[in-house]
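Data from work.pdb: PDB, C-alpha atoms
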```pdb
ATOM      1  CA  MET A 273      11.337   4.165  -6.363
ATOM      2  CA  GLY A 274       8.438   5.247  -4.119
ATOM      3  CA  LEU A 275       4.759   4.451  -4.057
ATOM      4  CA  LYS A 276       2.605   4.597  -7.139
ATOM      5  CA  ARG A 277       0.021   7.359  -7.041
ATOM      6  CA  GLY A 278      -2.895   4.902  -6.913
ATOM      7  CA  THR A 279      -1.368   3.055  -3.964
ATOM      8  CA  ALA A 280      -0.828   6.300  -2.062
ATOM      9  CA  VAL A 281      -4.443   7.320  -2.692
ATOM     10  CA  ASP A 282      -5.671   3.929  -1.496
ATOM     11  CA  LEU A 283      -3.590   4.160   1.682
ATOM     12  CA  LEU A 284      -4.836   7.674   2.436
ATOM     13  CA  ILE A 285      -8.438   6.582   1.954
ATOM     14  CA  VAL A 286      -7.962   3.563   4.218
ATOM     15  CA  ALA A 287      -6.272   5.735   6.862
ATOM     16  CA  TYR A 288      -9.145   8.242   6.685
ATOM     17  CA  ILE A 289     -11.784   5.521   7.119
ATOM     18  CA  VAL A 290      -9.896   3.825   9.968
ATOM     19  CA  PHE A 291      -9.460   7.068  11.900
ATOM     20  CA  ARG A 292     -13.098   8.004  11.232
ATOM     21  CA  LEU A 293     -14.153   4.707  12.826
ATOM     22  CA  VAL A 294     -11.725   5.166  15.731
ATOM     23  CA  HIS A 295     -13.110   8.675  16.266
ATOM     24  CA  SER A 296     -16.643   7.259  16.442
ATOM     25  CA  VAL A 297     -15.651   4.508  18.887
ATOM     26  CA  ILE A 298     -13.888   7.035  21.126
ATOM     27  CA  HIS A 299     -16.972   9.261  21.026
ATOM     28  CA  ILE A 300     -19.360   6.420  21.871
ATOM     29  CA  ALA A 301     -17.115   5.047  24.629
ATOM     30  CA  GLY A 302     -16.684   8.488  26.195
ATOM     31  CA  ILE A 303     -12.887   8.290  26.171
ATOM     32  CA  ASN A 304     -10.693  11.396  26.582
ATOM     33  CA  PRO A 305     -11.730  13.966  23.912
ATOM     34  CA  ILE A 306      -8.077  14.732  23.145
ATOM     35  CA  PHE A 307      -7.928  11.403  21.287
ATOM     36  CA  ARG A 308     -10.973  12.427  19.235
ATOM     37  CA  LEU A 309      -9.227  15.661  18.342
ATOM     38  CA  LEU A 310      -6.117  13.744  17.286
ATOM     39  CA  CYS A 311      -8.254  11.531  15.030
ATOM     40  CA  LEU A 312      -9.853  14.603  13.468
ATOM     41  CA  VAL A 313      -6.438  16.148  12.788
ATOM     42  CA  ILE A 314      -5.273  12.943  11.081
ATOM     43  CA  GLN A 315      -8.480  12.826   9.029
ATOM     44  CA  LEU A 316      -7.959  16.430   7.964
ATOM     45  CA  GLY A 317      -4.386  15.613   6.952
ATOM     46  CA  CYS A 318      -5.614  12.738   4.795
ATOM     47  CA  LEU A 319      -8.215  14.929   3.106
ATOM     48  CA  VAL A 320      -5.722  17.724   2.463
ATOM     49  CA  ALA A 321      -3.210  15.251   1.012
ATOM     50  CA  LEU A 322      -5.864  13.745  -1.261
ATOM     51  CA  THR A 323      -6.933  17.209  -2.404
ATOM     52  CA  VAL A 324      -3.350  18.264  -3.130
ATOM     53  CA  MET A 325      -2.758  15.071  -5.099
ATOM     54  CA  THR A 326      -5.565  15.963  -7.516
ATOM     55  CA  PHE A 327      -3.593  18.949  -8.867
TER      56      PHE A 327
END
```
Can I see the file as structure tokens?
Amino acid sequence: MGLKRGTAVDLLIVAYIVFRLVHSVIHIAGINPIFRLLCLVIQLGCLVALTVMTF
């Protein structure tokens, strides 16, 4: 059956916001930059998926 398109969009947006906040917390706390990079990669994946879904 799968997810409805609106639900998938909502989940991608929530994931993007959560990982944006995590990225900021990691940056402020001075934690290992590799985790910041991982957050950025996940954010990029969310944005690419959202862009692809518009076509």
Exercise. What separation in Å, quoted to one decimal, exists between atom CA of A:Arg308 and atom CA of A:Ile289?
Worked result: 14.0 Å
For this session: Starting from the shown file, work through the PyMOL selection byres ((chain A and resi 310-322) around 6) and note down what comes out as JSON, numbers by chain.
Result: {"A": [284, 288, 291, 295, 307, 308, 309, 323, 324, 325]}
Problem set entry | Computed interatomic separation between atom CA of A:Asn304 and atom CA of A:Val290 (Å) | 18.3 Å
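Note that atom CA of A:Ser296 and atom CA of A:Thr279 are 25.8 Å apart.
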Show me, as AutoDock Vina command-line options, the centre and edge lengths in Å to one decimal of the axis-aligned box that covers every listed atom of stretch 307-319 of chain A with 8 Å on each side.
```
--center_x -7.7 --center_y 13.9 --center_z 12.2 --size_x 22.6 --size_y 21.0 --size_z 34.2
```
How would stretch 301-317 of chain A read, as an mmCIF file, in the coordinates of the input, once N, CA, C and O atoms are built in?
```cif
data_model
loop_
_atom_site.group_PDB
_atom_site.id
_atom_site.type_symbol
_atom_site.label_atom_id
_atom_site.label_comp_id
_atom_site.auth_asym_id
_atom_site.auth_seq_id
_atom_site.Cartn_x
_atom_site.Cartn_y
_atom_site.Cartn_z
ATOM 1 N N ALA A 301 -17.628 5.577 23.368
ATOM 2 C CA ALA A 301 -17.115 5.047 24.629
ATOM 3 C C ALA A 301 -16.882 6.140 25.674
ATOM 4 O O ALA A 301 -16.659 5.838 26.844
ATOM 5 N N GLY A 302 -16.883 7.389 25.249
ATOM 6 C CA GLY A 302 -16.684 8.488 26.195
ATOM 7 C C GLY A 302 -15.244 8.618 26.667
ATOM 8 O O GLY A 302 -14.984 9.101 27.767
ATOM 9 N N ILE A 303 -14.314 8.206 25.825
ATOM 10 C CA ILE A 303 -12.887 8.290 26.171
ATOM 11 C C ILE A 303 -12.436 9.755 26.046
ATOM 12 O O ILE A 303 -13.119 10.587 25.456
ATOM 13 N N ASN A 304 -11.274 10.052 26.581
ATOM 14 C CA ASN A 304 -10.693 11.396 26.582
ATOM 15 C C ASN A 304 -10.865 12.087 25.220
ATOM 16 O O ASN A 304 -10.429 11.569 24.202
ATOM 17 N N PRO A 305 -11.483 13.265 25.179
ATOM 18 C CA PRO A 305 -11.730 13.966 23.912
ATOM 19 C C PRO A 305 -10.467 14.364 23.155
ATOM 20 O O PRO A 305 -10.528 14.633 21.961
ATOM 21 N N ILE A 306 -9.335 14.405 23.837
ATOM 22 C CA ILE A 306 -8.077 14.732 23.145
ATOM 23 C C ILE A 306 -7.796 13.704 22.048
ATOM 24 O O ILE A 306 -7.304 14.050 20.971
ATOM 25 N N PHE A 307 -8.143 12.441 22.289
ATOM 26 C CA PHE A 307 -7.928 11.403 21.287
ATOM 27 C C PHE A 307 -8.847 11.616 20.084
ATOM 28 O O PHE A 307 -8.465 11.345 18.944
ATOM 29 N N ARG A 308 -10.065 12.096 20.341
ATOM 30 C CA ARG A 308 -10.973 12.427 19.235
ATOM 31 C C ARG A 308 -10.392 13.553 18.397
ATOM 32 O O ARG A 308 -10.446 13.518 17.159
ATOM 33 N N LEU A 309 -9.838 14.547 19.060
ATOM 34 C CA LEU A 309 -9.227 15.661 18.342
ATOM 35 C C LEU A 309 -8.061 15.179 17.488
ATOM 36 O O LEU A 309 -7.914 15.587 16.334
ATOM 37 N N LEU A 310 -7.239 14.294 18.041
ATOM 38 C CA LEU A 310 -6.117 13.744 17.286
ATOM 39 C C LEU A 310 -6.609 13.010 16.036
ATOM 40 O O LEU A 310 -6.051 13.169 14.952
ATOM 41 N N CYS A 311 -7.674 12.234 16.183
ATOM 42 C CA CYS A 311 -8.254 11.531 15.030
ATOM 43 C C CYS A 311 -8.738 12.513 13.977
ATOM 44 O O CYS A 311 -8.540 12.303 12.773
ATOM 45 N N LEU A 312 -9.368 13.596 14.416
ATOM 46 C CA LEU A 312 -9.853 14.603 13.468
ATOM 47 C C LEU A 312 -8.700 15.274 12.727
ATOM 48 O O LEU A 312 -8.802 15.540 11.525
ATOM 49 N N VAL A 313 -7.608 15.535 13.429
ATOM 50 C CA VAL A 313 -6.438 16.148 12.788
ATOM 51 C C VAL A 313 -5.861 15.210 11.732
ATOM 52 O O VAL A 313 -5.506 15.640 10.623
ATOM 53 N N ILE A 314 -5.783 13.926 12.043
ATOM 54 C CA ILE A 314 -5.273 12.943 11.081
ATOM 55 C C ILE A 314 -6.211 12.855 9.878
ATOM 56 O O ILE A 314 -5.755 12.816 8.722
ATOM 57 N N GLN A 315 -7.517 12.857 10.131
ATOM 58 C CA GLN A 315 -8.480 12.826 9.029
ATOM 59 C C GLN A 315 -8.313 14.051 8.128
ATOM 60 O O GLN A 315 -8.330 13.930 6.896
ATOM 61 N N LEU A 316 -8.154 15.207 8.737
ATOM 62 C CA LEU A 316 -7.959 16.430 7.964
ATOM 63 C C LEU A 316 -6.696 16.334 7.119
ATOM 64 O O LEU A 316 -6.689 16.713 5.945
ATOM 65 N N GLY A 317 -5.633 15.795 7.705
ATOM 66 C CA GLY A 317 -4.386 15.613 6.952
ATOM 67 C C GLY A 317 -4.574 14.713 5.745
ATOM 68 O O GLY A 317 -4.041 14.989 4.658
#
```
